[in-house]
2 protein chains.
Amino acid sequence: MNSAPQGSKPSTRLGAPLTRRRFLHMTGATLGSAGMLNLLNAWGQNAMDGLTEPPKLDGNGEGTKVIVIGAGPGGCPAAYELMKLGYDVTILEARDRVGGHVWTIRGGTTGEEYGKGEQTCDWPEGFWWDAGPSRVPFYHNGFFHYCRELNVPLIDHKNLNLNGWVYAEGIDGNLDSTKMRLHELQADMAGYSSQYLANALDQNALDEELTEEDLEHWKSYLINWGILEADDLSYKPTDHRGYAVLPDVYSPGKVNDPYPLADLLPFADSMMQAAGGYLAATAVFDWQTTMVKPKGGMDQLYEVGFKAAFGERLKLNSPVTRINQDDAGVTVTYTNKETGEDEEIVGDYVMCNIPLSALLKVSVNFSDSMQTAIRSVPYAMALRMGIGFKRRFWEEDDWIYGGQSFTNISQLGILGYPDDDYLSANGGAMLGMYNFGTNAAFVSSLPYEDRAQLALTLGSKVHPQMRDEYISAFSVAWHLEPYSLGAWPSFTSESREQVMPILQEPDGRIYLVGEHLSHVNAWMEGAVQAAWMQVEKLHTRVMQG
Amino acid sequence: MNSAPQGSKPSTRLGAPLTRRRFLHMTGATLGSAGMLNLLNAWGQNAMDGLTEPPKLDGNGEGTKVIVIGAGPGGCPAAYELMKLGYDVTILEARDRVGGHVWTIRGGTTGEEYGKGEQTCDWPEGFWWDAGPSRVPFYHNGFFHYCRELNVPLIDHKNLNLNGWVYAEGIDGNLDSTKMRLHELQADMAGYSSQYLANALDQNALDEELTEEDLEHWKSYLINWGILEADDLSYKPTDHRGYAVLPDVYSPGKVNDPYPLADLLPFADSMMQAAGGYLAATAVFDWQTTMVKPKGGMDQLYEVGFKAAFGERLKLNSPVTRINQDDAGVTVTYTNKETGEDEEIVGDYVMCNIPLSALLKVSVNFSDSMQTAIRSVPYAMALRMGIGFKRRFWEEDDWIYGGQSFTNISQLGILGYPDDDYLSANGGAMLGMYNFGTNAAFVSSLPYEDRAQLALTLGSKVHPQMRDEYISAFSVAWHLEPYSLGAWPSFTSESREQVMPILQEPDGRIYLVGEHLSHVNAWMEGAVQAAWMQVEKLHTRVMQG
């Protein structure tokens, strides 16, 4: 991306011209990545490219009525772009809020999972925590596009805080049930690994064909990255790694004594095994530090930005029960939750942002192939819990300002700290539990408060202050959430290949929209891109009239 | 820090009791770090500890007049604590602002270096950039203490953004004068190094005494961290590292094809040599990700927080020319810049926050040993430049949200992006040049605008958009700044050992204060700690009558 932004126009399956992007796709499929890189270099472009703007479309949709079902991360951009194109848009949303899976919890938020009764969040003013998506990678340009357009301020989301804790139990060796800083683990693993490799290079023990110069460069890297002694290539405690007593105005013994350095972690411990994963997790392409999010909660884009733009077009508390299409149009039946009565609305097309898991509960006269495709995608179970605390002990006691701590306790998962309002004297809310699959199934079977007690018991292994500072928790088992019934689609390579082409195409007058249509699965960005694709398809069709 | 904060009372050289902290210092000096760690573990404490609060002192200083000279990072906390203890405090500041070395540049800021004439910043509303300290490590608790007490909101300062660029020129190999993402470099160096080491372990080629289990754990770490193929331990392109074409709703060829992956960087290139340093720089104890800073500029703590607390006690534009002490008191002569007249003020004690480099220009009747100590500390040269741009090309084109890019161009150094106001349509100001020593000497010899043109020429190698988007620059050569005359003291181990005990002790009625008294050199935290130490010493003396 050396050049100014110029909105790579997305291609379409409906007779779109051969764009540069589409050409690259095709070339990539033929040449493989090596040929691709050369091509890209030849074109003077950075290799990273992607959809950055909505399609620029000609013509006006005036007189055509589109019913958008679901005001989630796919329905919102779809409705917004259709409005801009002049369509007559109505948005039906089952919940009492906009955002769908995007759900920011605050004092006063209420929820009711299947079979669990109601819960109400009673956190103090100023606390917020995202039960759904909570972070945005640097290349999710569709998301950035709408934050820019709708004036949603962003802050940093920190996946990586090297001062966060790592805690593992049930492991071999001396580090069992011990907590340590991620920084210590990273420094020591880099140090030990670099030390051994540098020595092997020094003795030419690798039996590889490397020039003398290559070996020297590599050794230099290892010395720099592992912080080795240059003379004997050994890894020892250094002030890079840290201190047993922090430097200050005072000094131990005489003035010039170095401050006592912290001991290294014991080398041959199985903590190493997990360490690579924890460290890699914050370096993976999608999760690499740093990420961003809207200030005040992910819902700011939806509940503030999109909602204001929709105005009267948006009908909240209107769960759809039936969609019936025929040659003349499409009739959508929904329940008006205020009156309890069923109501009908008729339009020319439907853009449906209901997750496939929940769409199964709606009566729709889809084609057989679409019905089969929808049924064939299982959804993942996941449970996330926000916990409000009276005091920011993670800041005051542990000096952790945002970011995460990692554990190997599968029912607990990671802990996530608020990335703003540092030093607040009023406490704050943190991610206190995040689990998946069978762990989510088990924990979600518990009553709300029992889940919270479990999180406190497990979390106290990392933060013993938790019980003393506890206010209350709010947990969301996404597979038990009405209108969600799952966290995200669990495609296999096979199921994706089989169903994606069907899901992406309109079924009569009905267009699906959502991240489940995209290769950027389980991200808001996938839903934005799917919306742009489907809007372009629908508009092309209408204009060809 | 597992326990609640309990304000480690700082020890003092004036007959303080043996605190836990002081005991640890003494023990550390005796036992070395291994014994220290055991002791700390035995006490159930995390190894990290440090000064977190001002000393809790009894008695009232009413009737004793202290003149604080210099409202910098040392003078401000000293004056503030003395005020709280009841002293009659007057603060003389040479500049027209509070903060000293802490200097946030905005539209309207003026400066005048020795021999360079005046410069005025003409950036638009909302731009800000720190010419001095710009980031705070997690353990600088004195700084956090005052931000808490004076209600200064903090944001993240990002040293590490893996999407930042790395650019090096004049190096061997294929990567000369090429820019790449830090993420790519990190992934590839981790991958290649892990691959070679894992294979060596696999073949037991290291000839080390490791158990079979150790080898397996280590291999697992390398597979996880380097993202190796588990079966043959090879490092290949992966979606962890990145794509040649980003995933979206479209797909190359058939739906299930993986997106084209980005090529690896060529292995045997000297870029590796530098890479270790760039990567380690953001992992070093003091600079580890993530760090923080006040929202809106570092000066918010000083120009807003402390300044309001000082009220009428603060006299700006009052450079001190002479300090004369005798048995009866101390007389300070300063120039009233508004009238141009010299004025005098008499007090019982002086707390002097003037950097040693500038203190040489003040006439003071110090003892010979103090005079010698002050003269023996050379100060470093450093030049920093903020550049205002009309458009945030680093965000819009390069998808870089805060953090830094690294170059090996020694006149240019690092580039630093604004860590807030992402997506602003009004552009922003970034760190566009940061150099030291002889490079700073050379660049500072140029007129302001020539410096800026040099920065644009060099910076355009990383961001070719620079010249098109340029508004104006503001550069600060700290060694040419009146009242600073240097960036920070360049202690050697020997000079520190020699002069620190002299600098830390009062010279008659004069107490020095500033980071030059601390082992946390060149950090605001060192100045805070020195202030706390000197306030305790002075107060103990006054109370003992």
# chains A, B, ... in the order shown; residues from 1 in each chain; ligands from 1

$ residues_around --residues "Thr407 of chain A" --least-positions-apart "2" --cutoff "10 Å" --atoms "only C-alpha atoms" --output "NGL selection string"
:A and (165-169 or 177 or 179 or 274 or 278 or 404-405 or 409-415 or 458-459 or 461-462)

$ write_last_selection --atoms "N, CA and C atoms" --output "short mmCIF file (atom, residue, chain, number, x, y, z; two decimals), in the first residue's frame"
data_model
loop_
_atom_site.label_atom_id
_atom_site.label_comp_id
_atom_site.auth_asym_id
_atom_site.auth_seq_id
_atom_site.Cartn_x
_atom_site.Cartn_y
_atom_site.Cartn_z
N TRP A 165 0.50 -11.77 33.16
CA TRP A 165 0.93 -13.02 33.77
C TRP A 165 0.75 -14.21 32.83
N VAL A 166 1.57 -15.21 33.05
CA VAL A 166 1.34 -16.54 32.48
C VAL A 166 1.26 -17.50 33.65
N TYR A 167 0.22 -18.31 33.67
CA TYR A 167 0.04 -19.25 34.78
C TYR A 167 -0.34 -20.60 34.19
N ALA A 168 0.36 -21.66 34.60
CA ALA A 168 0.01 -23.00 34.13
C ALA A 168 0.05 -23.97 35.30
N GLU A 169 -0.89 -24.90 35.30
CA GLU A 169 -0.89 -25.91 36.36
C GLU A 169 -1.00 -27.29 35.74
N SER A 177 1.94 -24.56 38.55
CA SER A 177 1.13 -23.70 39.42
C SER A 177 1.88 -22.45 39.88
N LYS A 179 3.06 -18.44 38.72
CA LYS A 179 2.81 -17.42 37.71
C LYS A 179 4.08 -16.63 37.44
N ALA A 274 4.16 -24.60 26.42
CA ALA A 274 3.04 -23.67 26.27
C ALA A 274 3.51 -22.29 25.82
N TYR A 278 1.65 -19.17 23.63
CA TYR A 278 1.21 -17.88 24.17
C TYR A 278 1.86 -16.74 23.40
N GLN A 404 -3.55 -8.79 28.31
CA GLN A 404 -4.08 -10.08 28.73
C GLN A 404 -3.12 -10.82 29.64
N SER A 405 -3.68 -11.75 30.42
CA SER A 405 -2.88 -12.79 31.06
C SER A 405 -3.34 -14.13 30.50
N ILE A 409 -5.66 -23.16 32.15
CA ILE A 409 -6.88 -23.71 32.75
C ILE A 409 -7.99 -23.57 31.71
N SER A 410 -8.40 -24.71 31.14
CA SER A 410 -9.25 -24.60 29.95
C SER A 410 -10.64 -24.05 30.26
N GLN A 411 -11.10 -24.20 31.48
CA GLN A 411 -12.39 -23.58 31.83
C GLN A 411 -12.26 -22.07 32.00
N LEU A 412 -11.06 -21.62 32.31
CA LEU A 412 -10.84 -20.19 32.56
C LEU A 412 -10.36 -19.45 31.31
N GLY A 413 -9.35 -20.01 30.65
CA GLY A 413 -8.80 -19.39 29.44
C GLY A 413 -7.97 -18.15 29.76
N ILE A 414 -8.19 -17.11 28.99
CA ILE A 414 -7.42 -15.89 29.20
C ILE A 414 -8.17 -14.90 30.09
N LEU A 415 -7.42 -13.98 30.66
CA LEU A 415 -8.00 -12.84 31.37
C LEU A 415 -7.66 -11.60 30.56
N LEU A 458 -11.15 -19.97 39.94
CA LEU A 458 -10.05 -20.22 39.01
C LEU A 458 -9.19 -18.97 38.83
N GLY A 459 -9.83 -17.83 38.68
CA GLY A 459 -9.10 -16.59 38.45
C GLY A 459 -8.25 -16.18 39.64
N LYS A 461 -6.34 -17.89 41.24
CA LYS A 461 -5.00 -18.49 41.15
C LYS A 461 -4.01 -17.50 40.53
N VAL A 462 -4.53 -16.62 39.71
CA VAL A 462 -3.69 -15.58 39.10
C VAL A 462 -3.79 -14.28 39.90
#

$ residues_around --residues "segment 380-397 of chain B" --least-positions-apart "4" --cutoff "6 Å" --atoms "only C-alpha atoms" --output "PDB file with N, CA and C atoms, in the first residue's frame"
ATOM      1  N   MET A   1       0.837  -1.198   0.000  1.00  0.00           N
ATOM      2  CA  MET A   1       0.000   0.000   0.000  1.00  0.00           C
ATOM      3  C   MET A   1       0.873   1.250   0.000  1.00  0.00           C
ATOM      4  N   ALA A   4      -1.698   6.034  -2.634  1.00  0.00           N
ATOM      5  CA  ALA A   4      -2.865   6.563  -1.938  1.00  0.00           C
ATOM      6  C   ALA A   4      -4.005   5.553  -2.054  1.00  0.00           C
ATOM      7  N   PRO A   5      -4.936   5.568  -1.084  1.00  0.00           N
ATOM      8  CA  PRO A   5      -6.017   4.583  -1.133  1.00  0.00           C
ATOM      9  C   PRO A   5      -6.867   4.798  -2.374  1.00  0.00           C
TER      10      PRO A   5
ATOM     11  N   TYR B 401      -1.365   1.935  12.869  1.00  0.00           N
ATOM     12  CA  TYR B 401      -2.086   2.700  13.882  1.00  0.00           C
ATOM     13  C   TYR B 401      -1.199   2.810  15.125  1.00  0.00           C
ATOM     14  N   GLY B 427      -5.192  14.955   9.528  1.00  0.00           N
ATOM     15  CA  GLY B 427      -3.765  14.683   9.585  1.00  0.00           C
ATOM     16  C   GLY B 427      -3.286  14.552  11.007  1.00  0.00           C
ATOM     17  N   GLY B 428      -1.989  14.742  11.204  1.00  0.00           N
ATOM     18  CA  GLY B 428      -1.428  14.599  12.544  1.00  0.00           C
ATOM     19  C   GLY B 428       0.067  14.827  12.532  1.00  0.00           C
ATOM     20  N   ALA B 429       0.639  14.829  13.747  1.00  0.00           N
ATOM     21  CA  ALA B 429       2.083  15.055  13.876  1.00  0.00           C
ATOM     22  C   ALA B 429       2.768  13.781  14.324  1.00  0.00           C
ATOM     23  N   MET B 430       3.894  13.482  13.699  1.00  0.00           N
ATOM     24  CA  MET B 430       4.640  12.290  14.094  1.00  0.00           C
ATOM     25  C   MET B 430       6.086  12.632  14.434  1.00  0.00           C
ATOM     26  N   LEU B 431       6.735  11.724  15.146  1.00  0.00           N
ATOM     27  CA  LEU B 431       8.175  11.821  15.350  1.00  0.00           C
ATOM     28  C   LEU B 431       8.832  11.508  14.017  1.00  0.00           C
ATOM     29  N   GLY B 432       9.501  12.493  13.432  1.00  0.00           N
ATOM     30  CA  GLY B 432      10.032  12.324  12.087  1.00  0.00           C
ATOM     31  C   GLY B 432      11.541  12.230  12.036  1.00  0.00           C
ATOM     32  N   MET B 433      12.197  12.359  13.193  1.00  0.00           N
ATOM     33  CA  MET B 433      13.662  12.260  13.246  1.00  0.00           C
ATOM     34  C   MET B 433      14.072  12.172  14.703  1.00  0.00           C
ATOM     35  N   TYR B 434      15.020  11.285  14.996  1.00  0.00           N
ATOM     36  CA  TYR B 434      15.528  11.167  16.363  1.00  0.00           C
ATOM     37  C   TYR B 434      16.953  10.663  16.258  1.00  0.00           C
ATOM     38  N   ASN B 435      17.888  11.538  16.535  1.00  0.00           N
ATOM     39  CA  ASN B 435      19.286  11.117  16.435  1.00  0.00           C
ATOM     40  C   ASN B 435      20.106  11.591  17.636  1.00  0.00           C
ATOM     41  N   PHE B 436      21.310  11.096  17.720  1.00  0.00           N
ATOM     42  CA  PHE B 436      22.151  11.266  18.906  1.00  0.00           C
ATOM     43  C   PHE B 436      23.578  11.610  18.510  1.00  0.00           C
ATOM     44  N   GLY B 437      24.346  12.008  19.501  1.00  0.00           N
ATOM     45  CA  GLY B 437      25.803  12.138  19.369  1.00  0.00           C
ATOM     46  C   GLY B 437      26.216  12.970  18.176  1.00  0.00           C
ATOM     47  N   ALA B 440      23.462  14.097  15.896  1.00  0.00           N
ATOM     48  CA  ALA B 440      22.719  15.231  16.455  1.00  0.00           C
ATOM     49  C   ALA B 440      23.535  16.505  16.330  1.00  0.00           C
ATOM     50  N   GLU B 469       2.504  15.645   1.700  1.00  0.00           N
ATOM     51  CA  GLU B 469       1.585  15.868   2.820  1.00  0.00           C
ATOM     52  C   GLU B 469       2.170  16.779   3.888  1.00  0.00           C
ATOM     53  N   TYR B 470       3.360  17.294   3.644  1.00  0.00           N
ATOM     54  CA  TYR B 470       4.096  18.083   4.643  1.00  0.00           C
ATOM     55  C   TYR B 470       3.402  19.402   4.977  1.00  0.00           C
ATOM     56  N   ILE B 471       3.277  19.672   6.253  1.00  0.00           N
ATOM     57  CA  ILE B 471       2.842  21.000   6.696  1.00  0.00           C
ATOM     58  C   ILE B 471       4.057  21.771   7.208  1.00  0.00           C
ATOM     59  N   SER B 472       4.622  21.304   8.308  1.00  0.00           N
ATOM     60  CA  SER B 472       5.803  21.960   8.863  1.00  0.00           C
ATOM     61  C   SER B 472       6.384  21.088   9.964  1.00  0.00           C
ATOM     62  N   ALA B 473       7.606  21.427  10.340  1.00  0.00           N
ATOM     63  CA  ALA B 473       8.306  20.647  11.353  1.00  0.00           C
ATOM     64  C   ALA B 473       8.722  21.541  12.516  1.00  0.00           C
ATOM     65  N   PHE B 474       8.966  20.906  13.638  1.00  0.00           N
ATOM     66  CA  PHE B 474       9.485  21.615  14.810  1.00  0.00           C
ATOM     67  C   PHE B 474      10.554  20.717  15.415  1.00  0.00           C
ATOM     68  N   SER B 475      11.796  21.168  15.384  1.00  0.00           N
ATOM     69  CA  SER B 475      12.878  20.315  15.885  1.00  0.00           C
ATOM     70  C   SER B 475      13.477  20.889  17.152  1.00  0.00           C
ATOM     71  N   VAL B 476      13.901  20.009  18.007  1.00  0.00           N
ATOM     72  CA  VAL B 476      14.496  20.409  19.281  1.00  0.00           C
ATOM     73  C   VAL B 476      15.834  19.694  19.442  1.00  0.00           C
ATOM     74  N   ALA B 477      16.909  20.462  19.361  1.00  0.00           N
ATOM     75  CA  ALA B 477      18.244  19.943  19.680  1.00  0.00           C
ATOM     76  C   ALA B 477      18.493  20.264  21.147  1.00  0.00           C
ATOM     77  N   TRP B 478      18.383  19.241  21.980  1.00  0.00           N
ATOM     78  CA  TRP B 478      18.373  19.506  23.425  1.00  0.00           C
ATOM     79  C   TRP B 478      19.674  20.120  23.927  1.00  0.00           C
ATOM     80  N   HIS B 479      20.767  19.822  23.225  1.00  0.00           N
ATOM     81  CA  HIS B 479      22.047  20.397  23.663  1.00  0.00           C
ATOM     82  C   HIS B 479      22.153  21.882  23.309  1.00  0.00           C
ATOM     83  N   GLY B 486      21.684  20.002  27.001  1.00  0.00           N
ATOM     84  CA  GLY B 486      22.020  18.584  26.943  1.00  0.00           C
ATOM     85  C   GLY B 486      20.757  17.771  27.084  1.00  0.00           C
ATOM     86  N   ALA B 487      20.837  16.517  26.642  1.00  0.00           N
ATOM     87  CA  ALA B 487      19.652  15.664  26.676  1.00  0.00           C
ATOM     88  C   ALA B 487      19.539  14.917  27.993  1.00  0.00           C
ATOM     89  N   TRP B 488      20.638  14.339  28.437  1.00  0.00           N
ATOM     90  CA  TRP B 488      20.681  13.622  29.710  1.00  0.00           C
ATOM     91  C   TRP B 488      22.140  13.416  30.076  1.00  0.00           C
ATOM     92  N   SER B 490      25.574  11.694  30.721  1.00  0.00           N
ATOM     93  CA  SER B 490      26.221  10.480  30.208  1.00  0.00           C
ATOM     94  C   SER B 490      27.188   9.947  31.251  1.00  0.00           C
TER      95      SER B 490
END

$ closest_residue --among "A:Arg467, A:Lys236, A:His519, A:Arg375" --to "chain B" --atoms "only C-alpha atoms"
A:His519

$ closest_residue --among "A:Val284, A:Ala455, A:Val362, A:Ala527" --to "Gly99 of chain A" --atoms "only C-alpha atoms"
A:Ala527

$ select_by_dssp --residues "segment 206-417 of chain B" --states "alpha helix (DSSP H)" --output "number ranges by chain"
B: 212-226, 271-281, 307-310, 356-359, 368-375, 393-396

$ closest_residue --among "A:Leu228, A:Pro482, A:Asn353, A:Arg241" --to "Val528 of chain A" --atoms "only C-alpha atoms"
A:Asn353

$ select_by_dssp --residues "segment 112-259 of chain B" --states "strand (DSSP E)" --output "ChimeraX atom specification"
/B:112-113,117-120,129-130,154-157,165-168,178-181

$ atom_distance --atom1 "atom CA of Val102 of chain A" --atom2 "atom CA of Ile155 of chain B"
24.1 Å

$ closest_residue --among "A:Ile510, A:Leu222, A:Ile374, A:Leu265" --to "chain B" --atoms "only C-alpha atoms"
A:Leu222

$ closest_residue --among "A:Tyr114, A:Tyr250, A:Tyr302, A:Tyr87" --to "chain B" --atoms "only C-alpha atoms"
A:Tyr250

$ residues_around --residues "Lys219 of chain A" --least-positions-apart "5" --cutoff "10 Å" --atoms "only C-alpha atoms" --output "MDAnalysis selection string"
(chainID A and resid 194:195 197:202 213:214 224:225 228 230 233) or (chainID B and resid 272:273 276)

$ residues_around --residues "Ala308 of chain A" --least-positions-apart "3" --cutoff "12 Å" --atoms "only C-alpha atoms" --output "ChimeraX atom specification"
/A:76,80,98,150-151,300-305,311-314

$ residues_around --residues "Phe144 of chain B" --least-positions-apart "3" --cutoff "10 Å" --atoms "only C-alpha atoms" --output "PDB file with C-alpha atoms, in the first residue's frame"
ATOM      1  CA  GLU A 396      -2.359  -1.051  41.515  1.00  0.00           C
ATOM      2  CA  TRP A 399       1.255  -2.953  37.359  1.00  0.00           C
ATOM      3  CA  TYR A 422      -6.136   3.595  33.654  1.00  0.00           C
ATOM      4  CA  LEU A 423      -5.746   4.569  37.317  1.00  0.00           C
TER       5      LEU A 423
ATOM      6  CA  THR B  52       5.489   3.619  44.801  1.00  0.00           C
ATOM      7  CA  GLU B  53       4.511   6.500  47.075  1.00  0.00           C
ATOM      8  CA  VAL B 136       6.321   5.706  30.639  1.00  0.00           C
ATOM      9  CA  PRO B 137       7.217   2.121  31.608  1.00  0.00           C
ATOM     10  CA  PHE B 138       4.816   0.054  33.684  1.00  0.00           C
ATOM     11  CA  TYR B 139       6.919   0.203  36.840  1.00  0.00           C
ATOM     12  CA  HIS B 140       7.414   3.969  37.100  1.00  0.00           C
ATOM     13  CA  ASN B 141       5.068   4.189  40.030  1.00  0.00           C
ATOM     14  CA  CYS B 147      -1.203  11.106  37.496  1.00  0.00           C
ATOM     15  CA  ARG B 148      -3.635   9.486  39.909  1.00  0.00           C
ATOM     16  CA  GLU B 149      -3.446  12.295  42.449  1.00  0.00           C
ATOM     17  CA  LEU B 150      -3.708  15.096  39.893  1.00  0.00           C
ATOM     18  CA  VAL B 152      -4.205  13.126  34.496  1.00  0.00           C
ATOM     19  CA  LEU B 154      -3.436   8.173  30.362  1.00  0.00           C
ATOM     20  CA  VAL B 292       1.603   4.670  28.633  1.00  0.00           C
ATOM     21  CA  LYS B 293       1.558   8.473  28.481  1.00  0.00           C
ATOM     22  CA  GLU B 525      10.766   8.548  37.371  1.00  0.00           C
TER      23      GLU B 525
END

$ atom_distance --atom1 "atom CA of Ser445 of chain B" --atom2 "atom CA of His101 of chain B"
20.6 Å
